[in-house]
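Structure file target33.txt; described as compact mmCIF, C-alpha atoms and all ligand atoms.
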# COMPACT_ATOMS: atom_id res chain seq x y z
CA MET G 1 -35.01 -183.10 28.20
CA LYS G 2 -34.20 -186.14 26.10
CA LYS G 3 -35.45 -189.66 26.76
CA ILE G 4 -32.80 -192.22 26.00
CA ILE G 5 -33.00 -195.99 26.37
CA HIS G 6 -29.98 -198.26 26.29
CA ILE G 7 -30.82 -201.89 25.57
CA ASP G 8 -28.24 -204.58 26.21
CA MET G 9 -28.90 -208.28 25.67
CA ASP G 10 -27.81 -210.41 28.62
CA ALA G 11 -24.73 -212.56 27.87
CA PHE G 12 -26.03 -212.55 24.32
CA TYR G 13 -24.02 -215.18 22.44
CA ALA G 14 -24.00 -217.55 25.41
CA SER G 15 -27.73 -217.11 25.97
CA VAL G 16 -28.41 -217.94 22.32
CA GLU G 17 -26.33 -221.11 22.63
CA GLU G 18 -28.18 -222.13 25.80
CA ARG G 19 -31.50 -221.41 24.16
CA ASP G 20 -30.66 -223.63 21.19
CA ASN G 21 -28.99 -226.39 23.19
CA PRO G 22 -30.83 -227.10 26.45
CA SER G 23 -28.09 -229.49 27.61
CA LEU G 24 -25.92 -226.40 28.24
CA ARG G 25 -28.34 -224.87 30.74
CA GLY G 26 -27.17 -224.65 34.32
CA LYS G 27 -23.54 -225.13 33.26
CA PRO G 28 -20.70 -222.66 32.74
CA VAL G 29 -20.70 -221.83 29.02
CA VAL G 30 -18.01 -219.95 27.11
CA VAL G 31 -18.56 -218.88 23.52
CA GLY G 32 -15.23 -218.76 21.73
CA GLY G 33 -12.27 -221.00 21.62
CA PRO G 34 -11.04 -223.57 21.10
CA PRO G 35 -10.06 -223.92 24.77
CA ASN G 36 -6.36 -223.81 25.49
CA SER G 37 -5.86 -221.51 22.53
CA ARG G 38 -4.91 -217.89 22.18
CA ALA G 39 -8.38 -217.20 20.85
CA VAL G 40 -10.36 -214.94 23.17
CA VAL G 41 -13.65 -215.42 24.94
CA SER G 42 -16.51 -213.75 23.04
CA THR G 43 -19.11 -214.18 25.78
CA ALA G 44 -19.27 -216.13 29.02
CA ASN G 45 -22.62 -216.96 30.60
CA TYR G 46 -23.33 -215.80 34.15
CA ILE G 47 -22.29 -219.11 35.72
CA ALA G 48 -18.87 -218.95 34.03
CA ARG G 49 -18.53 -215.32 35.11
CA GLN G 50 -18.73 -216.43 38.73
CA TYR G 51 -15.37 -218.12 38.13
CA GLY G 52 -13.89 -214.86 36.87
CA VAL G 53 -14.25 -215.64 33.18
CA HIS G 54 -15.05 -212.59 31.06
CA SER G 55 -15.07 -211.55 27.43
CA ALA G 56 -11.81 -210.69 25.66
CA MET G 57 -9.90 -213.04 28.00
CA PRO G 58 -7.71 -215.69 26.30
CA CYS G 59 -9.54 -219.03 26.23
CA SER G 60 -6.55 -220.71 27.85
CA VAL G 61 -6.98 -218.46 30.90
CA ALA G 62 -10.72 -219.07 30.94
CA GLN G 63 -10.13 -222.79 30.97
CA ARG G 64 -7.69 -222.53 33.84
CA LEU G 65 -10.18 -220.49 35.89
CA CYS G 66 -13.08 -222.77 35.10
CA PRO G 67 -11.92 -226.22 33.94
CA GLN G 68 -15.47 -227.56 33.71
CA ALA G 69 -16.55 -224.78 31.33
CA ILE G 70 -18.11 -225.91 28.08
CA PHE G 71 -16.59 -224.10 25.10
CA VAL G 72 -18.92 -223.51 22.19
CA PRO G 73 -17.82 -222.03 18.84
CA HIS G 74 -19.65 -218.89 17.74
CA ARG G 75 -22.40 -218.90 15.19
CA PHE G 76 -22.34 -215.32 13.98
CA SER G 77 -24.95 -215.87 11.30
CA VAL G 78 -27.44 -216.88 14.00
CA TYR G 79 -26.55 -213.94 16.26
CA LYS G 80 -26.86 -211.55 13.34
CA GLU G 81 -30.27 -212.83 12.43
CA ILE G 82 -31.51 -212.40 16.01
CA SER G 83 -29.88 -208.97 16.16
CA GLY G 84 -31.85 -208.00 13.06
CA GLU G 85 -35.09 -209.17 14.69
CA ILE G 86 -34.35 -207.12 17.79
CA ARG G 87 -33.59 -204.05 15.72
CA GLU G 88 -36.92 -204.34 13.95
CA ILE G 89 -38.55 -204.14 17.38
CA PHE G 90 -36.59 -200.93 18.11
CA TYR G 91 -37.63 -199.44 14.78
CA GLU G 92 -41.28 -199.95 15.68
CA TYR G 93 -40.74 -197.15 18.19
CA THR G 94 -38.09 -194.90 16.66
CA ASP G 95 -35.67 -194.65 13.76
CA LEU G 96 -33.13 -193.04 16.07
CA VAL G 97 -31.38 -196.29 16.92
CA GLU G 98 -27.61 -196.42 17.36
CA PRO G 99 -26.33 -199.99 17.59
CA LEU G 100 -23.05 -200.37 19.46
CA SER G 101 -22.76 -204.03 18.54
CA LEU G 102 -25.04 -206.92 17.66
CA ASP G 103 -26.52 -206.98 21.15
CA GLU G 104 -26.54 -203.38 22.31
CA ALA G 105 -28.10 -200.13 21.15
CA TYR G 106 -29.14 -196.64 22.15
CA LEU G 107 -32.65 -195.46 21.29
CA ASP G 108 -33.83 -191.88 21.41
CA VAL G 109 -37.54 -192.13 22.20
CA THR G 110 -38.13 -188.46 23.03
CA LEU G 111 -40.36 -188.34 19.98
CA ASN G 112 -41.47 -191.87 19.21
CA LYS G 113 -43.78 -193.36 16.61
CA TYR G 114 -46.56 -194.15 19.09
CA SER G 115 -46.24 -190.84 20.95
CA ILE G 116 -45.86 -192.76 24.20
CA PRO G 117 -44.85 -190.21 26.83
CA SER G 118 -43.17 -192.70 29.17
CA ALA G 119 -39.75 -194.02 28.15
CA ILE G 120 -40.05 -196.54 30.98
CA ARG G 121 -43.15 -197.99 29.40
CA ILE G 122 -41.40 -198.23 26.03
CA ALA G 123 -38.42 -199.97 27.62
CA ARG G 124 -40.75 -202.47 29.30
CA GLU G 125 -42.60 -203.14 26.05
CA ILE G 126 -39.37 -203.64 24.13
CA LYS G 127 -38.07 -206.09 26.71
CA GLU G 128 -41.32 -208.06 26.50
CA LYS G 129 -41.31 -208.10 22.71
CA ILE G 130 -37.69 -209.27 22.65
CA LYS G 131 -38.56 -212.05 25.10
CA ASN G 132 -41.57 -213.16 23.09
CA LYS G 133 -39.79 -213.05 19.76
CA THR G 134 -36.41 -214.56 20.75
CA GLN G 135 -36.89 -216.23 24.16
CA LEU G 136 -33.93 -214.10 25.31
CA THR G 137 -33.70 -211.44 28.00
CA ALA G 138 -32.39 -207.92 27.67
CA SER G 139 -31.56 -205.30 30.26
CA ALA G 140 -32.67 -201.73 29.75
CA GLY G 141 -31.48 -198.42 31.13
CA VAL G 142 -33.57 -195.27 30.90
CA ALA G 143 -32.19 -191.78 31.46
CA GLY G 144 -31.93 -188.29 30.03
CA GLY G 145 -28.65 -188.99 28.21
CA LYS G 146 -26.71 -191.81 26.60
CA PHE G 147 -24.09 -192.13 29.30
CA LEU G 148 -26.50 -192.53 32.21
CA ALA G 149 -28.75 -194.83 30.18
CA LYS G 150 -25.81 -197.15 29.52
CA VAL G 151 -24.68 -197.15 33.13
CA ALA G 152 -28.28 -197.87 34.16
CA SER G 153 -28.69 -200.87 31.86
CA GLY G 154 -25.66 -202.48 33.47
CA MET G 155 -26.92 -202.05 37.02
CA ASN G 156 -29.47 -204.82 37.36
CA LYS G 157 -28.43 -207.49 34.91
CA PRO G 158 -29.83 -209.86 33.82
CA ASP G 159 -33.37 -208.91 32.80
CA GLY G 160 -33.14 -205.52 34.48
CA LEU G 161 -34.94 -202.26 33.89
CA THR G 162 -33.23 -199.39 35.63
CA VAL G 163 -34.28 -195.77 35.50
CA ILE G 164 -32.20 -192.80 36.50
CA LEU G 165 -34.54 -189.84 36.85
CA PRO G 166 -33.15 -186.34 36.27
CA GLU G 167 -33.53 -185.49 39.97
CA GLU G 168 -31.58 -188.63 40.92
CA ALA G 169 -28.80 -188.10 38.41
CA ARG G 170 -26.75 -185.72 40.57
CA GLU G 171 -26.52 -188.00 43.59
CA PHE G 172 -25.96 -191.03 41.40
CA LEU G 173 -23.06 -189.40 39.55
CA LEU G 174 -21.37 -188.27 42.75
CA LYS G 175 -21.30 -191.87 44.02
CA LEU G 176 -20.22 -193.46 40.76
CA PRO G 177 -16.70 -195.00 40.78
CA ILE G 178 -14.47 -193.00 38.47
CA GLY G 179 -13.76 -195.92 36.12
CA LYS G 180 -17.45 -196.16 35.26
CA PHE G 181 -17.62 -192.72 33.69
CA PHE G 182 -18.07 -192.53 29.96
CA GLY G 183 -14.75 -191.92 28.21
CA ILE G 184 -12.62 -193.03 31.15
CA GLY G 185 -10.62 -196.12 30.25
CA LYS G 186 -8.04 -197.99 32.29
CA LYS G 187 -5.25 -195.47 31.74
CA THR G 188 -7.32 -192.41 32.54
CA GLU G 189 -8.74 -194.19 35.57
CA GLU G 190 -5.20 -194.66 36.89
CA LYS G 191 -4.38 -191.03 36.29
CA MET G 192 -7.58 -189.87 37.97
CA LYS G 193 -6.79 -192.00 41.01
CA SER G 194 -3.25 -190.64 41.20
CA LEU G 195 -4.87 -187.20 41.42
CA GLY G 196 -7.08 -188.36 44.28
CA ILE G 197 -10.19 -188.71 42.11
CA HIS G 198 -11.86 -192.01 42.97
CA SER G 199 -15.51 -191.21 42.39
CA GLY G 200 -17.79 -188.61 40.90
CA LYS G 201 -17.63 -186.67 44.14
CA GLU G 202 -13.94 -185.79 43.78
CA LEU G 203 -14.36 -185.22 40.05
CA PHE G 204 -17.17 -182.77 40.78
CA GLU G 205 -14.90 -180.81 43.12
CA LYS G 206 -12.32 -180.11 40.40
CA SER G 207 -12.60 -176.95 38.37
CA GLU G 208 -12.84 -177.08 34.59
CA ALA G 209 -9.48 -175.31 34.34
CA GLU G 210 -7.83 -177.92 36.54
CA LEU G 211 -9.31 -180.81 34.59
CA THR G 212 -8.26 -179.23 31.31
CA ARG G 213 -4.74 -178.81 32.61
CA PHE G 214 -4.56 -182.51 33.47
CA PHE G 215 -6.57 -184.03 30.62
CA GLY G 216 -6.52 -181.54 27.76
CA LYS G 217 -9.65 -181.38 25.67
CA MET G 218 -11.24 -184.28 27.55
CA GLY G 219 -11.11 -182.23 30.76
CA GLY G 220 -14.13 -180.22 29.68
CA HIS G 221 -15.97 -183.43 28.88
CA TYR G 222 -15.31 -184.83 32.37
CA PHE G 223 -16.35 -181.53 33.92
CA ARG G 224 -19.70 -181.64 32.11
CA ILE G 225 -20.46 -185.32 32.38
CA VAL G 226 -20.19 -185.39 36.19
CA ARG G 227 -22.78 -182.57 36.18
CA GLY G 228 -25.13 -184.71 34.15
CA ILE G 229 -24.60 -182.58 31.04
CA ASP G 230 -24.66 -185.08 28.19
CA HIS G 231 -25.91 -183.80 24.87
CA SER G 232 -24.41 -186.54 22.72
CA GLU G 233 -26.85 -187.52 20.00
CA VAL G 234 -28.11 -190.99 19.25
CA ARG G 235 -26.65 -191.53 15.82
CA SER G 236 -28.73 -193.84 13.69
CA SER G 237 -26.91 -196.66 11.94
CA ARG G 238 -29.36 -196.19 9.13
CA MET G 239 -27.31 -193.15 8.28
CA LYS G 240 -23.87 -194.70 8.65
CA LYS G 241 -22.01 -193.95 5.42
CA SER G 242 -18.82 -195.89 5.75
CA ILE G 243 -16.80 -198.15 7.97
CA SER G 244 -13.05 -197.89 8.07
CA THR G 245 -9.96 -198.57 10.10
CA GLU G 246 -6.38 -197.40 9.86
CA THR G 247 -3.11 -197.71 11.66
CA THR G 248 -0.03 -195.51 11.96
CA PHE G 249 3.11 -197.60 12.30
CA GLU G 250 5.58 -197.08 15.07
CA LYS G 251 8.32 -197.04 12.43
CA ASP G 252 7.82 -196.28 8.75
CA ILE G 253 7.77 -199.51 6.73
CA GLU G 254 9.64 -200.20 3.52
CA ASP G 255 9.33 -203.99 3.17
CA LEU G 256 6.36 -204.92 0.96
CA SER G 257 5.86 -208.31 2.60
CA ILE G 258 5.53 -206.67 6.03
CA LEU G 259 3.10 -204.15 4.56
CA LYS G 260 1.01 -207.01 3.23
CA GLN G 261 0.85 -208.58 6.68
CA LYS G 262 -0.30 -205.24 8.10
CA LEU G 263 -2.82 -204.96 5.30
CA LYS G 264 -4.16 -208.41 6.13
CA SER G 265 -4.75 -207.55 9.78
CA LEU G 266 -6.43 -204.27 8.78
CA CYS G 267 -8.73 -206.16 6.39
CA ASP G 268 -9.56 -208.61 9.18
CA ASP G 269 -10.30 -205.72 11.51
CA LEU G 270 -12.53 -204.13 8.89
CA GLU G 271 -14.39 -207.43 8.55
CA ARG G 272 -14.96 -207.50 12.33
CA ARG G 273 -16.28 -203.94 12.30
CA LEU G 274 -18.63 -204.72 9.43
CA GLN G 275 -19.89 -207.84 11.17
CA LYS G 276 -20.38 -205.94 14.40
CA SER G 277 -22.59 -203.39 12.68
CA ASN G 278 -24.16 -206.06 10.51
CA LEU G 279 -23.25 -204.12 7.35
CA LYS G 280 -21.82 -204.86 3.91
CA GLY G 281 -20.42 -202.46 1.35
CA LYS G 282 -19.50 -202.16 -2.31
CA SER G 283 -16.82 -199.51 -2.51
CA PHE G 284 -13.47 -200.52 -1.09
CA VAL G 285 -10.85 -197.86 -0.36
CA LEU G 286 -7.18 -198.20 0.46
CA LYS G 287 -5.38 -195.24 1.97
CA VAL G 288 -1.60 -194.94 2.16
CA LYS G 289 0.34 -192.17 3.83
CA TYR G 290 4.08 -191.97 3.18
CA GLU G 291 7.03 -190.93 5.27
CA ASP G 292 6.88 -187.45 3.72
CA PHE G 293 3.18 -187.25 4.73
CA SER G 294 2.00 -187.36 1.13
CA GLN G 295 -1.09 -189.50 0.80
CA VAL G 296 -2.95 -191.54 -1.82
CA THR G 297 -6.36 -193.13 -1.66
CA LYS G 298 -7.46 -195.67 -4.27
CA SER G 299 -10.86 -197.22 -4.45
CA PHE G 300 -12.42 -200.20 -6.13
CA LEU G 301 -16.12 -200.71 -6.73
CA PHE G 302 -17.43 -204.25 -6.42
CA ASN G 303 -20.65 -205.03 -8.24
CA TYR G 304 -21.90 -206.95 -5.23
CA TYR G 305 -21.85 -206.36 -1.46
CA VAL G 306 -18.84 -207.61 0.46
CA GLN G 307 -18.25 -208.08 4.17
CA ASN G 308 -15.47 -210.64 4.57
CA SER G 309 -11.76 -209.98 4.53
CA SER G 310 -11.41 -212.80 1.99
CA ASP G 311 -13.62 -210.80 -0.39
CA PHE G 312 -11.48 -207.66 -0.45
CA PHE G 313 -7.98 -208.59 0.74
CA ASP G 314 -6.79 -209.74 -2.72
CA ARG G 315 -8.07 -206.55 -4.27
CA ALA G 316 -6.40 -204.51 -1.54
CA THR G 317 -3.10 -206.31 -2.21
CA GLN G 318 -3.36 -205.60 -5.93
CA ILE G 319 -3.93 -201.92 -5.23
CA LEU G 320 -1.00 -201.85 -2.83
CA ASN G 321 1.25 -203.55 -5.42
CA SER G 322 0.18 -201.11 -8.10
CA LEU G 323 1.38 -198.16 -6.04
CA ASN G 324 4.94 -199.36 -6.54
CA THR G 325 6.73 -196.59 -4.78
CA GLN G 326 10.14 -196.25 -3.25
CA LYS G 327 8.90 -194.27 -0.29
CA LYS G 328 8.45 -195.76 3.16
CA VAL G 329 4.91 -196.10 4.42
CA ARG G 330 3.78 -194.33 7.57
CA LEU G 331 0.12 -195.26 7.68
CA LEU G 332 -2.27 -197.75 6.06
CA GLY G 333 -6.05 -197.58 6.12
CA VAL G 334 -8.89 -199.58 4.61
CA GLY G 335 -12.60 -198.88 4.44
CA LEU G 336 -15.88 -199.72 2.77
CA SER G 337 -18.65 -197.37 1.72
CA HIS G 338 -21.79 -197.78 -0.42
CA LEU G 339 -23.14 -199.71 2.54
CA ASN G 340 -26.27 -201.80 2.28
CA ASN G 341 -28.12 -199.35 4.53
CA GLU G 342 -28.24 -196.53 2.01
CA ASN G 343 -29.52 -195.71 -1.45
CA GLN G 344 -27.10 -196.89 -4.05
CA ASP G 345 -27.31 -193.69 -6.05
CA GLU G 346 -26.05 -191.66 -3.11
CA ASN G 347 -22.67 -190.10 -3.60
CA GLN G 348 -19.69 -191.86 -2.26
CA MET G 349 -18.75 -190.28 1.01
CA ASP G 350 -15.28 -189.26 1.98
CA LEU G 351 -14.28 -192.39 3.83
CA PHE G 352 -11.52 -190.92 5.85
CA SER G 353 -12.97 -187.58 6.81
CA SER G 354 -14.86 -188.86 9.82
CA GLY G 355 -15.53 -191.81 12.00
CA LEU G 356 -11.95 -193.01 12.10
CA ASN G 357 -10.57 -194.34 15.32
CA ALA G 358 -14.11 -194.29 16.63
MG MG J 1 -24.70 -207.60 26.18
If you convert what's in this file into structure tokens, what do you get?
Ligand SMILES: [Mg+2]
Amino acid sequence: MKKIIHIDMDAFYASVEERDNPSLRGKPVVVGGPPNSRAVVSTANYIARQYGVHSAMPCSVAQRLCPQAIFVPHRFSVYKEISGEIREIFYEYTDLVEPLSLDEAYLDVTLNKYSIPSAIRIAREIKEKIKNKTQLTASAGVAGGKFLAKVASGMNKPDGLTVILPEEAREFLLKLPIGKFFGIGKKTEEKMKSLGIHSGKELFEKSEAELTRFFGKMGGHYFRIVRGIDHSEVRSSRMKKSISTETTFEKDIEDLSILKQKLKSLCDDLERRLQKSNLKGKSFVLKVKYEDFSQVTKSFLFNYYVQNSSDFFDRATQILNSLNTQKKVRLLGVGLSHLNNENQDENQMDLFSSGLNA
């Protein structure tokens, strides 16, 4: 039986802004903006959420819902620094830490550095240490698997500590609304509901064969997860080898200027992914797949670590130009390896063999 903790900072960016600017306290705060723009909300504090404001919503909508909201621009360098401090606290207990973003991580504390038998005690200690070090609150979920731990951490926010014991898992899963299950997004939720599956209870009643017929390979996953079978490993970011992103176009593209626009948005996406994981890399790779499914990958090694799109976009464009082919392009991908979390003499990993579309 594994012991997994999911830690999630409460309204992280907004809480940092309130911490550093006391005049914001007690008011609806939205990090992101500017207001009335197409930019999206990064984080809303709990007061703003009462007005229906939530992350990923266009700022113009947020402003309409909550006209008195105070919009604050993000300060990623500050969030990253705090995120690093929090991670150091995690690493006091275990190296098996899988960050999902700057403010969220899974920890496998089954075997931990202090040999503390109680995961609940570890979760409590971590919350206290985070509070002392950063003056910010986190919510923790403790369970036997990643999925239940994550659901648990979301149950009593803010400043919560929720435990789902193995003997409670069954009943808990049967009551859980179907959209809350791991791996069930909006679309799948709709499909589940159209099949009469609204909660774990109805999911539990379906056979594996039925679920596979409706959902393909994922059917087996849904069958297991509603039974509390969740063997997914906590994957340590300390072992992350590369970060990449790619896109297959709806129609093959011939026009170089359009390709460059696509390349720009991929580079920007790569930058976001790197920032999210707080990583930099040295080896840049461009991947191009053509209409005939032939494929080239070209890499470039910087002699310093890069993280920003502005650092590698020009180089990516040069590589793209140098390919100079007449064939239409079906897919573009960009990635960085030689990340600053690994030994530099390690071999370059195959960037596109794994982790894509993750
Ligand atoms: Mg959070």
Could you list, as a list in words, all protein and nucleic acid residues with an atom at most 7 Å from ligand MG 1 (chain J), counting all atoms listed in the file? Asp8, Met9, Asp10, Ala11, Phe12, Asp103 and Glu104 of chain G
G:Gly84: which residues within 12 Å, counting only C-alpha atoms, same-chain residues fewer than 2 positions away excluded, as a ChimeraX atom specification? /G:77-82,86-91,99,101-105,130,133-134,276-279
Spatial neighbours of stretch 58-70 of chain G, 12 Å, all atoms listed in the file, chain gap at least 4 places, as number ranges by chain: G: 14, 17-18, 21, 23-54
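For the atom pair formed by atom CA of G:Lys327 and atom CA of G:Lys264, the distance is 20.3 Å, given to one decimal.
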Excluding stretch 170-183 of chain G and any residue of its chain fewer than 3 positions from it, enumerate the residues within 9 Å of it, using all atoms listed in the file, and give them as a ChimeraX atom specification. /G:147-148,151,164,166-167,186,188-190,192-193,197-204,218,221-222,225-228
Taking all atoms listed in the file into account, which of G:Leu331, G:Arg273, G:Lys262, G:Gly281 comes nearest G:Ser294?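 Selected residue with least distance to G:Ser294: G:Leu331.
Distance check against G:Ile258 using all atoms listed in the file: of G:Glu98, G:Gly185, G:Lys157, G:Val329, the minimum falls on G:Val329.
Shell of G:Tyr290 at 10 Å, with all atoms listed in the file counted and residues fewer than 3 places along the chain excluded, is Asp252, Ile253, Glu254, Phe293, Ser294, Gln295, Val296, Thr325, Gln326, Lys327, Lys328, Val329, Arg330, Leu331 and Leu332 of chain G.
The gap separating atom CA of G:Ser337 from atom CA of G:Ser242 is 4.3 Å, in Å to one decimal.
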Within 7 Å of file point (-20.0, -206.4, 3.8), counting all atoms listed in the file, expressed as a PyMOL selection string: chain G and resi 274+279-281+305-308
So how many Å separate atom CA of G:Ser283 and atom CA of G:Ser257, to one decimal? 24.9 Å
The residue from G:Met1, G:Ala140, G:Ala316, G:Leu165 with the smallest atom-to-atom distance to G:Glu128, counting all atoms listed in the file, is G:Ala140
